[in-house]
file my_file.tsv (TSV, C-alpha atoms)
chain	number	residue	atom	x	y	z
J	19	MET	CA	12.12	20.60	-100.96
J	20	VAL	CA	14.94	19.02	-102.91
J	21	ARG	CA	14.60	19.02	-106.66
J	22	VAL	CA	16.38	16.50	-108.85
J	23	GLU	CA	16.84	16.85	-112.57
J	24	THR	CA	18.37	13.96	-114.44
J	25	ALA	CA	19.50	13.40	-117.97
J	26	THR	CA	21.05	10.56	-119.91
J	27	ASP	CA	23.11	10.78	-123.03
J	28	ARG	CA	24.42	7.83	-124.97
J	29	ARG	CA	27.48	8.41	-127.11
J	30	ALA	CA	29.94	6.01	-128.70
J	31	GLY	CA	28.65	3.06	-126.72
J	32	VAL	CA	28.78	4.84	-123.38
J	33	THR	CA	25.81	6.12	-121.42
J	34	PHE	CA	26.39	9.29	-119.43
J	35	VAL	CA	23.94	9.81	-116.59
J	36	THR	CA	23.85	13.22	-114.93
J	37	ALA	CA	21.79	14.63	-112.10
J	38	ALA	CA	21.48	18.10	-110.61
J	39	VAL	CA	20.21	18.29	-107.05
J	40	THR	CA	18.84	21.61	-105.85
J	41	ASN	CA	18.03	22.36	-102.23
J	42	THR	CA	15.24	24.95	-102.02
J	43	ARG	CA	14.89	24.58	-98.26
J	44	SER	CA	16.49	26.89	-95.77
J	45	THR	CA	18.57	24.22	-94.00
J	46	PRO	CA	21.41	22.01	-95.28
J	47	GLN	CA	20.11	18.67	-96.51
J	48	THR	CA	21.88	15.36	-96.80
J	49	VAL	CA	20.77	13.84	-100.07
J	50	ARG	CA	21.15	10.20	-100.96
J	51	MET	CA	20.65	8.90	-104.46
J	52	ARG	CA	20.94	5.44	-105.96
J	53	ALA	CA	22.09	4.53	-109.39
J	54	SER	CA	20.42	1.57	-111.04
J	55	VAL	CA	22.20	0.14	-114.01
J	56	ASP	CA	22.40	-3.38	-115.24
J	57	GLY	CA	26.11	-3.56	-115.75
J	58	PRO	CA	29.40	-1.92	-114.80
J	59	MET	CA	29.24	1.54	-113.35
J	60	TRP	CA	31.97	4.13	-113.73
J	61	GLU	CA	31.81	6.74	-111.02
J	62	PRO	CA	33.81	9.93	-111.19
J	63	GLN	CA	37.35	9.53	-109.91
J	64	SER	CA	38.99	11.88	-107.51
J	65	GLY	CA	42.71	11.41	-107.53
J	66	SER	CA	43.38	7.71	-107.53
J	67	GLY	CA	40.15	6.67	-105.86
J	68	ARG	CA	36.44	6.91	-106.21
J	69	SER	CA	35.17	10.40	-105.46
J	70	PRO	CA	34.20	10.64	-101.79
J	71	GLU	CA	30.47	11.13	-102.40
J	72	TRP	CA	30.12	7.75	-104.05
J	73	GLY	CA	29.64	4.45	-102.26
J	74	GLU	CA	28.37	1.19	-103.79
J	75	GLU	CA	25.92	2.56	-106.35
J	76	THR	CA	24.89	5.34	-103.98
J	77	TRP	CA	25.75	8.98	-103.90
J	78	GLU	CA	25.48	10.91	-100.69
J	79	ALA	CA	26.26	14.55	-100.25
J	80	THR	CA	25.23	17.63	-98.37
J	81	VAL	CA	23.50	20.33	-100.35
J	82	LEU	CA	23.46	23.76	-98.74
J	83	PRO	CA	20.37	25.98	-98.87
J	84	GLY	CA	19.87	27.41	-102.32
J	85	GLN	CA	22.75	25.37	-103.68
J	86	THR	CA	22.70	22.98	-106.60
J	87	ARG	CA	25.13	20.09	-106.78
J	88	GLY	CA	25.77	17.97	-109.79
J	89	THR	CA	26.71	14.34	-109.99
J	90	GLY	CA	26.73	11.57	-112.52
J	91	PHE	CA	28.38	8.45	-113.78
J	92	ALA	CA	28.98	6.56	-116.94
J	93	THR	CA	28.15	3.00	-117.94
J	94	PRO	CA	28.70	0.94	-121.05
J	95	VAL	CA	25.17	-0.52	-120.94
J	96	GLU	CA	21.85	1.00	-122.03
J	97	PRO	CA	20.31	2.98	-119.21
J	98	THR	CA	17.38	1.64	-117.24
J	99	GLU	CA	14.64	4.06	-116.25
J	100	PRO	CA	15.28	5.80	-113.95
J	101	ALA	CA	19.06	5.52	-114.12
J	102	ILE	CA	19.49	7.47	-110.91
J	103	GLU	CA	16.86	8.16	-108.30
J	104	LEU	CA	16.41	9.94	-105.03
J	105	VAL	CA	16.50	7.64	-102.00
J	106	SER	CA	16.32	9.97	-99.06
J	107	VAL	CA	16.58	13.57	-97.99
J	108	THR	CA	17.36	14.38	-94.38
J	109	ARG	CA	18.13	17.61	-92.69
J	110	GLN	CA	21.78	17.71	-91.80
J	111	GLU	CA	22.29	17.55	-88.10
J	112	GLY	CA	25.09	19.41	-86.43
J	113	GLY	CA	24.38	22.31	-88.66
J	114	ASP	CA	26.40	25.03	-90.19
J	115	ALA	CA	29.87	25.18	-91.65
J	116	ALA	CA	31.39	26.76	-88.56
J	117	THR	CA	30.17	23.93	-86.35
J	118	ARG	CA	31.48	21.30	-88.72
J	119	GLN	CA	34.82	23.08	-88.92
J	120	ALA	CA	35.13	23.31	-85.19
J	121	ALA	CA	34.54	19.56	-85.03
J	122	VAL	CA	37.31	18.90	-87.57
J	123	LEU	CA	39.72	21.20	-85.73
J	124	ALA	CA	38.89	19.60	-82.40
J	125	GLU	CA	40.04	16.26	-83.74
J	126	LEU	CA	43.49	17.55	-84.66
J	127	ASP	CA	46.41	17.24	-82.29
J	128	ASP	CA	46.73	20.09	-79.89
J	129	TRP	CA	49.44	22.58	-80.51
J	130	SER	CA	52.22	23.26	-78.06
J	131	PRO	CA	55.65	24.73	-78.70
J	132	PRO	CA	58.43	22.16	-78.54
J	133	SER	CA	61.00	23.39	-76.11
J	134	GLU	CA	64.16	22.00	-77.63
J	135	ILE	CA	64.11	23.82	-80.95
J	136	MET	CA	63.57	27.35	-79.81
J	137	THR	CA	66.62	29.56	-80.13
J	138	ASP	CA	67.23	32.63	-78.13
J	139	GLU	CA	67.70	35.63	-80.33
J	140	ARG	CA	66.05	38.33	-78.39
U	18	MET	CA	42.06	37.52	-99.35
U	19	ILE	CA	43.77	35.15	-96.91
U	20	ILE	CA	46.10	32.67	-98.61
U	21	THR	CA	47.52	29.96	-96.37
U	22	VAL	CA	50.73	28.34	-97.58
U	23	THR	CA	51.05	24.84	-96.23
U	24	GLY	CA	52.06	21.32	-97.14
U	25	GLY	CA	52.62	19.05	-94.22
U	26	LYS	CA	56.31	18.30	-94.69
U	27	GLY	CA	59.06	20.47	-93.30
U	28	GLY	CA	61.80	21.90	-95.49
U	29	VAL	CA	59.88	21.85	-98.77
U	30	GLY	CA	59.98	25.63	-99.25
U	31	LYS	CA	56.85	26.97	-97.57
U	32	SER	CA	58.52	30.06	-96.16
U	33	THR	CA	60.31	30.89	-99.41
U	34	THR	CA	57.03	30.50	-101.27
U	35	THR	CA	55.24	32.69	-98.73
U	36	LEU	CA	57.81	35.46	-99.00
U	37	ASN	CA	57.83	35.45	-102.79
U	38	LEU	CA	54.05	35.30	-103.04
U	39	ALA	CA	53.76	38.22	-100.63
U	40	ARG	CA	56.17	40.19	-102.83
U	41	GLU	CA	54.41	39.30	-106.09
U	42	LEU	CA	50.93	39.98	-104.71
U	43	ASP	CA	52.03	43.12	-102.86
U	44	GLY	CA	50.55	41.68	-99.70
U	45	VAL	CA	51.69	40.95	-96.18
U	46	ALA	CA	53.53	37.76	-95.22
U	47	VAL	CA	52.41	36.43	-91.85
U	48	ASP	CA	54.72	34.03	-90.03
U	49	ALA	CA	52.30	31.68	-88.28
U	50	ASP	CA	54.97	29.03	-87.80
U	51	LEU	CA	54.87	29.93	-84.14
U	52	ALA	CA	57.68	27.73	-82.82
U	53	THR	CA	59.94	27.02	-85.77
U	54	SER	CA	59.66	30.14	-87.87
U	55	ASP	CA	61.74	30.74	-90.96
U	56	LEU	CA	60.66	34.11	-92.28
U	57	PRO	CA	62.94	37.05	-91.58
U	58	ARG	CA	62.63	38.54	-88.14
U	59	GLY	CA	61.63	42.17	-87.62
U	60	ARG	CA	62.50	44.56	-84.84
U	61	GLY	CA	59.13	45.53	-83.45
U	62	PRO	CA	56.33	43.53	-81.89
U	63	ASP	CA	55.77	40.14	-83.49
U	64	ILE	CA	53.01	37.60	-83.93
U	65	HIS	CA	53.61	36.19	-80.45
U	66	ASP	CA	52.77	39.63	-79.08
U	67	VAL	CA	49.70	39.86	-81.31
U	68	LEU	CA	48.42	36.45	-80.24
U	69	ALA	CA	49.07	37.26	-76.59
U	70	GLY	CA	47.04	40.45	-76.90
U	71	ARG	CA	50.04	42.72	-76.41
U	72	ALA	CA	49.99	44.31	-79.86
U	73	ALA	CA	47.49	44.97	-82.63
U	74	PRO	CA	48.17	43.05	-85.85
U	75	MET	CA	48.74	46.23	-87.84
U	76	GLU	CA	51.34	47.52	-85.38
U	77	ALA	CA	53.34	44.37	-85.83
U	78	VAL	CA	53.58	44.58	-89.63
U	79	GLU	CA	56.82	46.07	-90.86
U	80	TRP	CA	58.72	46.39	-94.11
U	81	LEU	CA	61.62	43.98	-94.27
U	82	GLY	CA	63.32	44.94	-97.51
U	83	SER	CA	60.62	44.99	-100.16
U	84	VAL	CA	58.08	42.83	-98.33
U	85	ARG	CA	55.63	43.60	-95.56
U	86	VAL	CA	56.06	40.97	-92.87
U	87	LEU	CA	54.33	40.16	-89.62
U	88	SER	CA	57.25	38.22	-88.26
U	89	CYS	CA	57.47	35.66	-85.52
U	90	GLY	CA	59.46	35.86	-82.31
U	91	ARG	CA	62.00	33.19	-81.55
U	92	THR	CA	61.54	32.68	-77.85
U	93	LEU	CA	59.88	29.83	-76.07
U	94	GLU	CA	58.09	32.18	-73.67
U	95	GLY	CA	56.67	34.06	-76.64
U	96	ALA	CA	55.45	30.90	-78.30
U	97	ARG	CA	53.91	29.68	-75.05
U	98	ALA	CA	52.06	32.93	-74.50
U	99	ALA	CA	50.62	32.92	-78.01
U	100	GLU	CA	46.96	31.96	-78.19
U	101	LEU	CA	46.33	30.09	-81.40
U	102	GLY	CA	42.63	30.89	-81.04
U	103	GLU	CA	43.42	34.56	-81.65
U	104	LEU	CA	44.91	33.90	-85.07
U	105	PRO	CA	41.64	34.01	-87.09
U	106	ARG	CA	40.76	37.42	-85.71
U	107	ALA	CA	44.25	38.79	-86.35
U	108	LEU	CA	44.20	37.52	-89.94
U	109	ASP	CA	40.73	38.93	-90.44
U	110	LEU	CA	41.90	42.38	-89.31
U	111	LEU	CA	44.90	42.24	-91.64
U	112	ASP	CA	42.63	41.11	-94.46
U	113	ARG	CA	40.59	44.29	-94.11
U	114	LYS	CA	43.65	46.43	-94.59
U	115	TYR	CA	45.73	44.47	-97.08
U	116	ARG	CA	44.44	42.92	-100.22
U	117	HIS	CA	46.47	39.78	-99.81
U	118	VAL	CA	47.46	38.15	-96.54
U	119	ILE	CA	49.85	35.26	-97.11
U	120	VAL	CA	50.23	32.95	-94.13
U	121	ASP	CA	53.21	30.66	-93.56
U	122	THR	CA	52.47	27.55	-91.50
U	123	PRO	CA	54.47	24.94	-89.59
U	124	ALA	CA	55.01	21.40	-90.76
U	125	GLY	CA	52.65	18.71	-89.60
U	126	LEU	CA	48.91	18.41	-89.38
U	127	ALA	CA	48.19	19.63	-85.88
U	128	ARG	CA	45.85	22.42	-84.91
U	129	ASP	CA	48.45	25.11	-85.61
U	130	VAL	CA	48.04	24.12	-89.27
U	131	GLY	CA	44.30	23.47	-89.08
U	132	VAL	CA	43.42	26.91	-87.76
U	133	PRO	CA	45.15	28.96	-90.50
U	134	VAL	CA	43.79	26.55	-93.12
U	135	ALA	CA	40.27	26.88	-91.73
U	136	CYS	CA	40.24	30.66	-91.78
U	137	ALA	CA	41.83	31.06	-95.22
U	138	ASP	CA	40.03	31.82	-98.46
U	139	VAL	CA	42.36	29.50	-100.33
U	140	VAL	CA	45.29	27.23	-99.62
U	141	VAL	CA	48.51	26.93	-101.63
U	142	LEU	CA	50.08	23.49	-101.18
U	143	VAL	CA	53.87	23.37	-101.28
U	144	THR	CA	55.70	20.14	-101.95
U	145	THR	CA	58.71	18.64	-103.67
U	146	PRO	CA	58.50	15.74	-106.12
U	147	LYS	CA	59.66	13.30	-103.40
U	148	LYS	CA	57.10	10.77	-102.30
U	149	PRO	CA	56.96	11.59	-98.56
U	150	ALA	CA	56.50	15.28	-99.34
U	151	LEU	CA	53.77	14.53	-101.86
U	152	LEU	CA	51.93	12.23	-99.47
U	153	ASN	CA	52.05	14.91	-96.78
U	154	ALA	CA	50.78	17.52	-99.22
U	155	LEU	CA	47.89	15.26	-100.17
U	156	GLN	CA	47.01	14.71	-96.51
U	157	THR	CA	46.98	18.46	-96.07
U	158	ARG	CA	44.72	18.71	-99.08
U	159	GLU	CA	42.29	16.30	-97.42
U	160	LEU	CA	42.34	18.48	-94.31
U	161	ALA	CA	41.65	21.60	-96.40
U	162	LEU	CA	38.70	19.85	-98.05
U	163	ASP	CA	37.36	18.77	-94.64
U	164	LEU	CA	37.58	22.38	-93.54
U	165	ASP	CA	35.85	23.64	-96.70
U	166	THR	CA	38.87	25.64	-97.83
U	167	PRO	CA	39.62	25.25	-101.54
U	168	VAL	CA	43.12	24.54	-102.80
U	169	ALA	CA	44.21	27.26	-105.24
U	170	ALA	CA	47.48	25.78	-106.42
U	171	PHE	CA	50.32	23.37	-105.97
U	172	ALA	CA	53.81	24.86	-105.77
U	173	LEU	CA	56.11	22.03	-106.75
U	174	ASN	CA	59.58	22.94	-105.60
U	175	ARG	CA	62.91	21.50	-106.74
U	176	VAL	CA	61.35	19.92	-109.78
U	177	GLY	CA	63.53	18.87	-112.71
U	178	ASP	CA	63.52	21.17	-115.73
U	179	ASP	CA	61.74	18.79	-118.06
U	180	SER	CA	59.75	16.91	-115.45
U	181	GLU	CA	56.22	15.85	-116.32
U	182	MET	CA	55.27	15.97	-112.68
U	183	PRO	CA	53.49	19.37	-112.77
U	184	ASP	CA	51.27	18.17	-115.64
U	185	ARG	CA	50.58	14.89	-113.89
U	186	LEU	CA	49.61	16.61	-110.66
U	187	GLU	CA	47.33	18.92	-112.58
U	188	ASP	CA	45.65	16.05	-114.42
U	189	GLU	CA	45.29	13.88	-111.35
U	190	PHE	CA	43.95	16.44	-108.92
U	191	GLY	CA	42.65	19.24	-111.12
U	192	ILE	CA	44.75	21.74	-109.20
U	193	PRO	CA	46.86	24.28	-111.12
U	194	THR	CA	50.49	23.41	-110.56
U	195	THR	CA	53.55	25.59	-110.81
U	196	GLY	CA	56.90	23.84	-110.96
U	197	ILE	CA	59.76	25.79	-109.43
U	198	PRO	CA	63.11	24.27	-110.41
U	199	GLU	CA	65.95	24.19	-107.93
U	200	SER	CA	68.13	27.20	-108.63
U	201	GLU	CA	70.74	29.45	-107.14
U	202	ALA	CA	68.24	32.28	-107.22
U	203	VAL	CA	65.84	30.44	-104.92
U	204	ALA	CA	68.66	29.27	-102.66
U	205	ALA	CA	69.95	32.84	-102.41
U	206	ALA	CA	66.47	34.13	-101.67
U	207	GLN	CA	66.16	31.57	-98.94
U	208	GLU	CA	69.54	32.46	-97.51
U	209	THR	CA	69.10	36.22	-97.47
U	210	GLY	CA	65.39	36.35	-96.72
U	211	ALA	CA	64.86	38.55	-99.76
U	212	PRO	CA	62.38	37.59	-102.48
U	213	VAL	CA	63.73	36.52	-105.87
U	214	ARG	CA	62.49	39.77	-107.46
U	215	GLU	CA	65.11	41.56	-105.37
U	216	SER	CA	67.88	39.01	-105.12
U	217	ASP	CA	67.91	37.91	-108.76
U	218	PRO	CA	65.28	39.61	-110.95
U	219	ASP	CA	66.48	37.86	-114.12
U	220	ALA	CA	66.00	34.40	-112.66
U	221	GLU	CA	63.51	31.99	-114.18
U	222	ALA	CA	62.20	31.33	-110.68
U	223	LEU	CA	60.72	34.83	-110.69
U	224	GLU	CA	58.54	33.91	-113.67
U	225	ARG	CA	57.31	30.89	-111.78
U	226	TYR	CA	56.41	32.89	-108.70
U	227	THR	CA	54.61	35.38	-110.92
U	228	GLU	CA	52.68	32.50	-112.46
U	229	LEU	CA	51.78	31.19	-109.02
U	230	ALA	CA	50.60	34.66	-108.00
U	231	HIS	CA	48.42	34.83	-111.13
U	232	THR	CA	46.84	31.48	-110.31
U	233	VAL	CA	45.91	32.76	-106.87
U	234	GLN	CA	44.53	35.98	-108.32
U	235	GLU	CA	42.40	34.05	-110.78
U	236	CYS	CA	40.84	32.26	-107.83
U	237	GLU	CA	40.08	35.60	-106.33
U	238	GLN	CA	38.42	36.84	-109.51
U	239	ARG	CA	36.26	33.76	-109.65
U	240	GLY	CA	35.19	34.53	-106.13
U	241	GLY	CA	36.89	31.37	-105.01
U	242	GLY	CA	37.05	30.65	-101.37
U	243	ALA	CA	34.46	29.87	-98.79
U	244	ARG	CA	35.35	32.38	-96.12
U	245	ASN	CA	34.19	31.53	-92.72
U	246	SER	CA	34.64	32.81	-89.27
U	247	ILE	CA	35.93	29.86	-87.34
U	248	GLY	CA	37.33	30.76	-83.99
U	249	ASN	CA	36.35	34.40	-84.26
U	250	THR	CA	34.19	34.11	-81.21
U	251	GLU	CA	36.80	32.38	-79.10
U	252	SER	CA	38.40	34.47	-76.47
call {"tool": "encode", "arguments": {"input": "my_file.tsv", "output": "structure tokens"}}
result
Amino acid sequence: MVRVETATDRRAGVTFVTAAVTNTRSTPQTVRMRASVDGPMWEPQSGSGRSPEWGEETWEATVLPGQTRGTGFATPVEPTEPAIELVSVTRQEGGDAATRQAAVLAELDDWSPPSEIMTDER
Amino acid sequence: MIITVTGGKGGVGKSTTTLNLARELDGVAVDADLATSDLPRGRGPDIHDVLAGRAAPMEAVEWLGSVRVLSCGRTLEGARAAELGELPRALDLLDRKYRHVIVDTPAGLARDVGVPVACADVVVLVTTPKKPALLNALQTRELALDLDTPVAAFALNRVGDDSEMPDRLEDEFGIPTTGIPESEAVAAAQETGAPVRESDPDAEALERYTELAHTVQECEQRGGGARNSIGNTES
């Protein structure tokens, strides 16, 4: 199963909502959670954009077997109960890291040596 | 530990960084820039031979000055015969013998970059403060994340002495950043193919390379790096 522990903390007019998602199953699980706040939501930023796990009020990520992932957001308004809740848990298709990597690599341009820049030193 | 030095843009100092990191970490520098290599060339078998199955990786490692190098041949036939799919296995074998395997990569974001990024424990991103170089480095970072390989550090070459850029990069991306100012020492190292520790041991650049090496080692101590075995089963 997938276990979710949440906590909220209100400090200096800002509510911090955190959640820890633990996958106790033996297969990778795609976990989707929804935030419900009545006001602006500040998701974590990665670089100059929203962190990739966050969409409109939803967080989706893959949690590997035995792994715990944390997430959270901040909001200026009082939290509603629950501030973040589990929407769905599905087994990740297309499996393990090696398979996913092979898929990423397959999408890259093929490699071939350009003929014009080789020099002959041998 | 396999450390892949990459960055997307050509001419930003990947090979110089590789050579100096290999010296500071007492590892082996692997020239995986199969067609446009920049690391010094050895005399024996090279990585083309290794990837064509004509030599074992260990046989092809030789001391060039104070650095162990698995160098790259310069011929088109050699590059054509090299099987990129063999690279993960070769790096894995080297990793069993040497504590640090530092891999130099070509420019671009094709599969000849993807494969060494995929089979590394960590990636070191090399860039200059110029916008095109930074954008390329960030694209490479995305690729590393897609391939589940963590980024250990940014090496920011040719940065001004009092530039705030290293701090800004660190704040923005949470990646430790070492700024390496443009200097005669680095230029000389590049020219002669000798690491700064040999060519100019009093240079400030040496301190920076030492710092970069420490950052990588810290990653190692934290157990950083999701090692995987991509391509190991390919023939």
call {"tool": "residues_around", "arguments": {"input": "my_file.tsv", "residues": "Gln85 in chain J", "least_positions_apart": "4", "cutoff": "8 Å", "atoms": "all atoms listed in the file", "output": "MDAnalysis selection string"}}
result
chainID J and resid 40:42 81
call {"tool": "write_last_selection", "arguments": {"input": "my_file.tsv", "atoms": "C-alpha atoms", "output": "mmCIF file, in the coordinates of the input"}}
result
data_model
loop_
_atom_site.group_PDB
_atom_site.id
_atom_site.type_symbol
_atom_site.label_atom_id
_atom_site.label_comp_id
_atom_site.auth_asym_id
_atom_site.auth_seq_id
_atom_site.Cartn_x
_atom_site.Cartn_y
_atom_site.Cartn_z
ATOM 1 C CA THR J 40 18.840 21.610 -105.850
ATOM 2 C CA ASN J 41 18.030 22.360 -102.230
ATOM 3 C CA THR J 42 15.240 24.950 -102.020
ATOM 4 C CA VAL J 81 23.500 20.330 -100.350
#
call {"tool": "atom_distance", "arguments": {"input": "my_file.tsv", "atom1": "CA of Gln234 in chain U", "atom2": "CA of Leu42 in chain U"}}
result
8.4 Å
call {"tool": "atom_distance", "arguments": {"input": "my_file.tsv", "atom1": "CA of Thr166 in chain U", "atom2": "CA of Val139 in chain U"}}
result
5.8 Å
call {"tool": "residues_near_point", "arguments": {"input": "my_file.tsv", "point": "(44.7, 26.5, -95.2)", "cutoff": "9 Å", "atoms": "all atoms listed in the file", "output": "number ranges by chain"}}
result
U: 19-23, 120, 122, 130-142, 157-158, 160-161, 164, 166-168
call {"tool": "interface_residues", "arguments": {"input": "my_file.tsv", "of": "chain U", "to": "chain J", "cutoff": "8 Å", "atoms": "all atoms listed in the file", "output": "mmCIF file with C-alpha atoms, in the coordinates of the input"}}
result
data_model
loop_
_atom_site.group_PDB
_atom_site.id
_atom_site.type_symbol
_atom_site.label_atom_id
_atom_site.label_comp_id
_atom_site.auth_asym_id
_atom_site.auth_seq_id
_atom_site.Cartn_x
_atom_site.Cartn_y
_atom_site.Cartn_z
ATOM 1 C CA LEU U 51 54.870 29.930 -84.140
ATOM 2 C CA ALA U 52 57.680 27.730 -82.820
ATOM 3 C CA THR U 53 59.940 27.020 -85.770
ATOM 4 C CA ARG U 91 62.000 33.190 -81.550
ATOM 5 C CA THR U 92 61.540 32.680 -77.850
ATOM 6 C CA LEU U 93 59.880 29.830 -76.070
ATOM 7 C CA ALA U 96 55.450 30.900 -78.300
ATOM 8 C CA ARG U 97 53.910 29.680 -75.050
ATOM 9 C CA LEU U 126 48.910 18.410 -89.380
ATOM 10 C CA ALA U 127 48.190 19.630 -85.880
ATOM 11 C CA ARG U 128 45.850 22.420 -84.910
ATOM 12 C CA ASP U 129 48.450 25.110 -85.610
ATOM 13 C CA GLY U 131 44.300 23.470 -89.080
ATOM 14 C CA VAL U 132 43.420 26.910 -87.760
ATOM 15 C CA ALA U 135 40.270 26.880 -91.730
ATOM 16 C CA ASP U 163 37.360 18.770 -94.640
ATOM 17 C CA LEU U 164 37.580 22.380 -93.540
ATOM 18 C CA ASP U 165 35.850 23.640 -96.700
ATOM 19 C CA GLU U 189 45.290 13.880 -111.350
ATOM 20 C CA PHE U 190 43.950 16.440 -108.920
ATOM 21 C CA ASN U 245 34.190 31.530 -92.720
ATOM 22 C CA SER U 246 34.640 32.810 -89.270
ATOM 23 C CA ILE U 247 35.930 29.860 -87.340
ATOM 24 C CA GLY U 248 37.330 30.760 -83.990
#
call {"tool": "axis_aligned_box", "arguments": {"input": "my_file.tsv", "around": "range 128-144 of chain U", "padding_each_side": "3 Å", "output": "JSON"}}
result
{"center_x": 47.9, "center_y": 26.0, "center_z": -93.4, "size_x": 21.7, "size_y": 17.7, "size_z": 23.0}
